[in-house]
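Step one of this worksheet: look at the structure below.
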Amino acid sequence: MHRFLRLTILLAGMFVATGSHAAGQPFTGTEDQLGPEVPQPIEFPHNRHAGKGEVIDSGAQDPTQKYVGMEINCMYCHTYARRSMVSGIPPLRKCIGCHQSIESVREAPRIKKLFEYWEGTDGKDAQKPVPWLKVHDLPDFVRFNHERHIQRFYFQQGKVTQDEAGGNDGIREVCSYCHGDIAAKNATVARRQKPITMGWCANCHQKDHAVDATGTETARGPNDCFTCHK
Amino acid sequence: MSVSNLLENWSKYRHTHPLDDGGHADWNAYPSPIKWAMSIDLDACTGCNACSVACYAENNLPVVGKDKYAHGQAMHWMRIERYWGEPEKAIDEFDSAMNFQLVAQNFDVDQGAQFLPMLCQQCEAAPCETVCPVGATNHTEDGLNSQIYNRCIGSRYCSANCPYKVRYFNWYSYPDQEHAWPEPLNQQLNPDLTVRTKGVMEKCTFCKQRTYTARNDAKTEGREIRDEDVQTACQQACPTGAISFGNLFNPESTVAKQWSAQQVDLVKEKQDKDGTPDNKLRGYRILEELRPFPSIMYLERVRESAV
């Protein structure tokens, strides 16, 4: 009886394994890989800030008039990305720094909420940081360095001067390798855009990338365990 | 390291001799111009254990307590070995007398104990690497003997094969089961490396988190690693400056100068100086004759009687 049961379980297991293997797609990003939907305190629109977005007036010279997005450089808010392991979440002060002089959206619900954090309620809890939740949360045993990637793909490859109109195409492209296209319409802060898994990282590390803007020399990312696993 | 890469570049990860496949001896062919190495001056070492304490603090090592220490389960990546007197003399006495009391009397106590800081020797042809069934320990491009905790399945084969016995196994889950860091001590844990879980092997990494940062900074600034860029925790804590650490391939580094002054060569299993009588050189590597090609050079203690 036991033997029969065991055989049945084995066969069932094999069937399931074969089925899942056939269904397995190369990193298309299933719901599971993209992580859970995170309820952020404020639904922050990345596309409005850093993206180009849709064209409003194609004839306009001023990019702020031309597109929905403001094309702010990612590193204006995520300051540490070029010089540290982490990119950093901007302090509330930085949000207010701009938004106190942007009267046009002052009454928008999200901005109102932002100012609630700044002004506090009944004179209490003023300037309290927005309790953002972590979306791109790597496990503790992984060492990821923003600085290395930004230096390599943004500065060394000369993407700084890519857009002569003063836009941020270069940095947006580099950030999008891992964070997805933040100019996309649904680019809020609730969920990852890419599966940040080891196989997904290794996929890119095993490819040749140009070393600088003009040369033909290429190099690969480090490929030994110890570089990322700590 | 993917499986395909592991299979294709098998020889790169499995050294038998550092010279066989380029390796660190041929650093023009090798992608990395870095080989981390150390030298420890036993004449300066006072056996104060500051290095060991610093290592505990830096590398999230649990203090296991008296009972587990007695069972040989201490997690000291950096330990001070203590030797009394002249070993040959003591052994002779022991053989003839079989009387431990007598031996103890004859120990050369006037000279005091001799101390030997023992840590992972980061061998170029490491015996531990070849025996790991899952490839959890392998050689990195900067000449370290890496230990990947996620990959380790705890077979402890590496520890059995290590001639220096510097690999330590997590018999317990120290953070939760053993409460090695009760509140608020968990706040002191170093975030730059993990707290290891039960059932994995661990060992000295030459303060990987520090060398990593130094390499990263040097790369951003577009320069070579300098000697002052990186210090290991033990080196930093040593009150007598007995430990020096750096890039062996940089001829300007302290370590490289010390190695060459003592005529110790990384890729030789028997140094030239060993054959010559009356040599005044003090540099040696422990168990060199086993051919693991260790990266730590010790400088012999100068005995009063020898001077």
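Please note that chains go A, B, ... in the order of the structure tokens, that every chain numbers its residues from 1, and that ligands are numbered from 1 in the order shown.
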* To do: Show me which bits of chain B are within 12 Å of chain A, counting only C-alpha atoms, as a ChimeraX atom specification.
  => /B:1-6,9,12-13,31-32,59,135-152,190-197,202,205,207-213,215-222
* Identify, with DSSP run on backbone atoms, the residues in stretch 59-187 of chain A assigned to helix (DSSP H, G or I), and express the list as a VMD selection string. => chain A and resid 63 to 66 74 to 77 79 to 82 92 to 99 103 to 105 109 to 119 146 to 155 159 to 161 169 to 179
* What lies within 6 Å of stretch 191-193 of chain A using only C-alpha atoms, ignoring chain neighbours under 2 positions off, as a PyMOL selection string? -> chain A and resi 34+37+179-180+189
Could you save those same residues with N, CA, C and O atoms as a short mmCIF file (atom, residue, chain, number, x, y, z; two decimals), in the first residue's frame?
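Printed below is out_2.cif as written:
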data_model
loop_
_atom_site.label_atom_id
_atom_site.label_comp_id
_atom_site.auth_asym_id
_atom_site.auth_seq_id
_atom_site.Cartn_x
_atom_site.Cartn_y
_atom_site.Cartn_z
N LEU A 34 7.37 39.95 -9.22
CA LEU A 34 7.34 41.40 -9.07
C LEU A 34 7.00 41.82 -7.65
O LEU A 34 6.97 42.99 -7.35
N GLU A 37 1.94 44.10 -4.10
CA GLU A 37 1.55 45.50 -4.27
C GLU A 37 1.70 46.19 -2.92
O GLU A 37 1.17 45.72 -1.91
N HIS A 179 14.85 49.36 -12.75
CA HIS A 179 13.64 49.87 -12.13
C HIS A 179 12.47 50.00 -13.11
O HIS A 179 11.40 50.47 -12.73
N GLY A 180 12.70 49.62 -14.35
CA GLY A 180 11.63 49.73 -15.33
C GLY A 180 11.50 51.15 -15.84
O GLY A 180 12.11 52.08 -15.32
N VAL A 189 4.85 54.09 -7.24
CA VAL A 189 5.86 53.51 -6.36
C VAL A 189 5.32 52.30 -5.62
O VAL A 189 5.81 51.93 -4.58
#
* Find the residues near B:Cys238: any atom within 10 Å, counting only C-alpha atoms, skip ones fewer than 3 places away on the same chain, and give them as a VMD selection string. => chain B and resid 44 to 52 54 233 to 235 241 to 244
Output file for the selection above: all heavy atoms, as a short mmCIF file (atom, residue, chain, number, x, y, z; two decimals), in the first residue's frame:
data_model
loop_
_atom_site.label_atom_id
_atom_site.label_comp_id
_atom_site.auth_asym_id
_atom_site.auth_seq_id
_atom_site.Cartn_x
_atom_site.Cartn_y
_atom_site.Cartn_z
N ALA B 44 56.49 41.31 17.16
CA ALA B 44 55.72 42.44 17.69
C ALA B 44 54.48 41.97 18.42
O ALA B 44 53.93 42.70 19.24
CB ALA B 44 55.33 43.38 16.56
N CYS B 45 54.03 40.76 18.14
CA CYS B 45 52.78 40.28 18.73
C CYS B 45 52.95 40.03 20.23
O CYS B 45 53.86 39.33 20.65
CB CYS B 45 52.33 39.00 18.05
SG CYS B 45 50.83 38.30 18.77
N THR B 46 52.07 40.63 21.03
CA THR B 46 52.14 40.43 22.48
C THR B 46 51.05 39.49 22.96
O THR B 46 50.91 39.28 24.16
CB THR B 46 51.98 41.77 23.22
OG1 THR B 46 50.70 42.31 22.87
CG2 THR B 46 53.06 42.74 22.83
N GLY B 47 50.25 38.95 22.04
CA GLY B 47 49.20 38.01 22.42
C GLY B 47 48.06 38.66 23.19
O GLY B 47 47.42 38.01 24.00
N CYS B 48 47.79 39.93 22.92
CA CYS B 48 46.80 40.66 23.72
C CYS B 48 45.37 40.35 23.31
O CYS B 48 44.44 40.73 24.00
CB CYS B 48 47.05 42.15 23.62
SG CYS B 48 46.63 42.83 22.00
N ASN B 49 45.18 39.71 22.18
CA ASN B 49 43.84 39.32 21.72
C ASN B 49 42.98 40.47 21.19
O ASN B 49 41.79 40.28 20.96
CB ASN B 49 43.06 38.59 22.80
CG ASN B 49 43.28 37.09 22.72
OD1 ASN B 49 43.03 36.48 21.69
ND2 ASN B 49 43.79 36.51 23.78
N ALA B 50 43.56 41.66 21.03
CA ALA B 50 42.77 42.78 20.52
C ALA B 50 42.27 42.49 19.11
O ALA B 50 41.15 42.84 18.75
CB ALA B 50 43.61 44.05 20.52
N CYS B 51 43.09 41.80 18.32
CA CYS B 51 42.71 41.48 16.95
C CYS B 51 41.48 40.58 16.95
O CYS B 51 40.56 40.75 16.15
CB CYS B 51 43.86 40.80 16.22
SG CYS B 51 44.57 39.41 17.10
N SER B 52 41.49 39.63 17.87
CA SER B 52 40.38 38.69 17.95
C SER B 52 39.09 39.41 18.33
O SER B 52 38.03 39.17 17.74
CB SER B 52 40.72 37.61 18.97
OG SER B 52 39.76 36.60 18.94
N ALA B 54 38.43 42.58 17.90
CA ALA B 54 38.03 43.43 16.78
C ALA B 54 37.32 42.62 15.71
O ALA B 54 36.35 43.06 15.10
CB ALA B 54 39.26 44.11 16.18
N ALA B 233 40.09 44.59 10.19
CA ALA B 233 39.72 44.93 11.56
C ALA B 233 40.84 44.55 12.52
O ALA B 233 41.17 45.30 13.44
CB ALA B 233 38.43 44.23 11.95
N CYS B 234 41.46 43.37 12.30
CA CYS B 234 42.52 42.93 13.20
C CYS B 234 43.74 43.84 13.12
O CYS B 234 44.35 44.19 14.12
CB CYS B 234 42.90 41.48 12.90
SG CYS B 234 43.24 41.12 11.18
N GLN B 235 44.03 44.25 11.89
CA GLN B 235 45.17 45.14 11.69
C GLN B 235 44.94 46.48 12.37
O GLN B 235 45.82 47.03 13.03
CB GLN B 235 45.35 45.36 10.18
CG GLN B 235 46.45 46.32 9.82
CD GLN B 235 46.40 46.70 8.35
OE1 GLN B 235 45.40 46.46 7.67
NE2 GLN B 235 47.45 47.29 7.86
N GLY B 241 51.03 47.10 15.94
CA GLY B 241 51.19 47.16 14.48
C GLY B 241 51.86 45.93 13.91
O GLY B 241 52.66 46.01 12.97
N ALA B 242 51.56 44.78 14.49
CA ALA B 242 52.21 43.55 14.03
C ALA B 242 51.67 43.08 12.69
O ALA B 242 52.33 42.35 11.97
CB ALA B 242 52.02 42.46 15.07
N ILE B 243 50.44 43.50 12.37
CA ILE B 243 49.79 43.00 11.16
C ILE B 243 49.85 44.06 10.08
O ILE B 243 49.52 45.22 10.32
CB ILE B 243 48.32 42.64 11.47
CG1 ILE B 243 48.26 41.60 12.59
CG2 ILE B 243 47.62 42.12 10.23
CD1 ILE B 243 46.86 41.30 13.07
N SER B 244 50.27 43.68 8.89
CA SER B 244 50.09 44.58 7.76
C SER B 244 49.36 43.85 6.66
O SER B 244 49.49 42.64 6.51
CB SER B 244 51.41 45.17 7.28
OG SER B 244 52.43 44.24 7.41
#
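Shell of A:Ala190 at 9 Å, with only C-alpha atoms counted and residues fewer than 5 places along the chain excluded, is Pro36, Glu37, Val38, Pro39, Gln40, Glu43, Phe44, Leu133 and Val135 of chain A.
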Could you save those same residues with all heavy atoms as a PDB file, in the first residue's frame?
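Final output, selection-v8.pdb:
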ATOM      1  N   PRO A  36       4.770  41.877  -3.924  1.00  0.00           N
ATOM      2  CA  PRO A  36       3.412  42.288  -3.608  1.00  0.00           C
ATOM      3  C   PRO A  36       3.176  43.764  -3.927  1.00  0.00           C
ATOM      4  O   PRO A  36       4.116  44.559  -4.004  1.00  0.00           O
ATOM      5  CB  PRO A  36       3.335  42.052  -2.097  1.00  0.00           C
ATOM      6  CG  PRO A  36       4.733  42.210  -1.624  1.00  0.00           C
ATOM      7  CD  PRO A  36       5.624  41.747  -2.744  1.00  0.00           C
ATOM      8  N   GLU A  37       1.936  44.101  -4.097  1.00  0.00           N
ATOM      9  CA  GLU A  37       1.548  45.499  -4.272  1.00  0.00           C
ATOM     10  C   GLU A  37       1.697  46.187  -2.916  1.00  0.00           C
ATOM     11  O   GLU A  37       1.167  45.719  -1.912  1.00  0.00           O
ATOM     12  CB  GLU A  37       0.092  45.572  -4.734  1.00  0.00           C
ATOM     13  CG  GLU A  37      -0.360  46.915  -5.204  1.00  0.00           C
ATOM     14  CD  GLU A  37      -0.404  47.007  -6.723  1.00  0.00           C
ATOM     15  OE1 GLU A  37      -0.524  45.966  -7.389  1.00  0.00           O
ATOM     16  OE2 GLU A  37      -0.309  48.123  -7.230  1.00  0.00           O
ATOM     17  N   VAL A  38       2.463  47.263  -2.879  1.00  0.00           N
ATOM     18  CA  VAL A  38       2.752  47.909  -1.597  1.00  0.00           C
ATOM     19  C   VAL A  38       1.895  49.167  -1.448  1.00  0.00           C
ATOM     20  O   VAL A  38       1.942  50.051  -2.304  1.00  0.00           O
ATOM     21  CB  VAL A  38       4.250  48.279  -1.504  1.00  0.00           C
ATOM     22  CG1 VAL A  38       4.539  49.033  -0.228  1.00  0.00           C
ATOM     23  CG2 VAL A  38       5.103  47.023  -1.578  1.00  0.00           C
ATOM     24  N   PRO A  39       1.119  49.262  -0.398  1.00  0.00           N
ATOM     25  CA  PRO A  39       0.290  50.462  -0.210  1.00  0.00           C
ATOM     26  C   PRO A  39       1.123  51.630   0.317  1.00  0.00           C
ATOM     27  O   PRO A  39       1.404  51.701   1.510  1.00  0.00           O
ATOM     28  CB  PRO A  39      -0.764  50.013   0.821  1.00  0.00           C
ATOM     29  CG  PRO A  39      -0.113  48.894   1.559  1.00  0.00           C
ATOM     30  CD  PRO A  39       0.927  48.278   0.685  1.00  0.00           C
ATOM     31  N   GLN A  40       1.541  52.508  -0.569  1.00  0.00           N
ATOM     32  CA  GLN A  40       2.366  53.642  -0.160  1.00  0.00           C
ATOM     33  C   GLN A  40       1.492  54.732   0.459  1.00  0.00           C
ATOM     34  O   GLN A  40       0.325  54.856   0.110  1.00  0.00           O
ATOM     35  CB  GLN A  40       3.104  54.217  -1.379  1.00  0.00           C
ATOM     36  CG  GLN A  40       4.087  53.268  -2.016  1.00  0.00           C
ATOM     37  CD  GLN A  40       5.362  53.079  -1.219  1.00  0.00           C
ATOM     38  OE1 GLN A  40       5.476  53.576  -0.106  1.00  0.00           O
ATOM     39  NE2 GLN A  40       6.308  52.340  -1.778  1.00  0.00           N
ATOM     40  N   GLU A  43       0.608  58.145  -3.275  1.00  0.00           N
ATOM     41  CA  GLU A  43       0.839  57.499  -4.570  1.00  0.00           C
ATOM     42  C   GLU A  43       1.689  58.431  -5.424  1.00  0.00           C
ATOM     43  O   GLU A  43       1.198  59.301  -6.132  1.00  0.00           O
ATOM     44  CB  GLU A  43      -0.502  57.230  -5.241  1.00  0.00           C
ATOM     45  CG  GLU A  43      -0.427  56.186  -6.317  1.00  0.00           C
ATOM     46  CD  GLU A  43      -1.666  56.211  -7.185  1.00  0.00           C
ATOM     47  OE1 GLU A  43      -2.772  56.355  -6.649  1.00  0.00           O
ATOM     48  OE2 GLU A  43      -1.512  56.104  -8.405  1.00  0.00           O
ATOM     49  N   PHE A  44       2.982  58.256  -5.308  1.00  0.00           N
ATOM     50  CA  PHE A  44       3.921  59.187  -5.944  1.00  0.00           C
ATOM     51  C   PHE A  44       4.033  58.909  -7.441  1.00  0.00           C
ATOM     52  O   PHE A  44       4.374  57.804  -7.844  1.00  0.00           O
ATOM     53  CB  PHE A  44       5.296  59.041  -5.286  1.00  0.00           C
ATOM     54  CG  PHE A  44       6.352  59.898  -5.908  1.00  0.00           C
ATOM     55  CD1 PHE A  44       6.487  61.220  -5.540  1.00  0.00           C
ATOM     56  CD2 PHE A  44       7.202  59.394  -6.882  1.00  0.00           C
ATOM     57  CE1 PHE A  44       7.461  62.025  -6.112  1.00  0.00           C
ATOM     58  CE2 PHE A  44       8.165  60.190  -7.466  1.00  0.00           C
ATOM     59  CZ  PHE A  44       8.302  61.506  -7.078  1.00  0.00           C
ATOM     60  N   LEU A 133       7.274  52.899   2.041  1.00  0.00           N
ATOM     61  CA  LEU A 133       7.584  51.481   2.229  1.00  0.00           C
ATOM     62  C   LEU A 133       8.573  51.036   1.167  1.00  0.00           C
ATOM     63  O   LEU A 133       8.582  51.559   0.052  1.00  0.00           O
ATOM     64  CB  LEU A 133       6.300  50.651   2.144  1.00  0.00           C
ATOM     65  CG  LEU A 133       5.286  50.965   3.239  1.00  0.00           C
ATOM     66  CD1 LEU A 133       3.972  50.264   2.956  1.00  0.00           C
ATOM     67  CD2 LEU A 133       5.818  50.542   4.594  1.00  0.00           C
ATOM     68  N   VAL A 135      10.137  48.991  -1.693  1.00  0.00           N
ATOM     69  CA  VAL A 135       9.616  48.174  -2.787  1.00  0.00           C
ATOM     70  C   VAL A 135      10.721  47.277  -3.347  1.00  0.00           C
ATOM     71  O   VAL A 135      10.537  46.084  -3.524  1.00  0.00           O
ATOM     72  CB  VAL A 135       9.032  49.058  -3.901  1.00  0.00           C
ATOM     73  CG1 VAL A 135       8.609  48.225  -5.093  1.00  0.00           C
ATOM     74  CG2 VAL A 135       7.858  49.850  -3.366  1.00  0.00           C
TER      75      VAL A 135
END
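Restricting the calculation to only C-alpha atoms, the smallest distance between A:Arg220 and any of A:Glu103, A:Asp125, A:Glu71, A:Asp208 is found for A:Asp208.
Distances from B:Gln188, B:Gln121, B:Ser295, B:Thr240 to B:Cys204 were compared using only C-alpha atoms, and the smallest one belongs to B:Gln121.
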* To do: If you run DSSP over the backbone, which residues in stretch 86-272 of chain B end up strand (DSSP E or B)? Put them as a PyMOL selection string.
  => chain B and resi 113-118+137-139+145-147+168-169+201-202+243-247
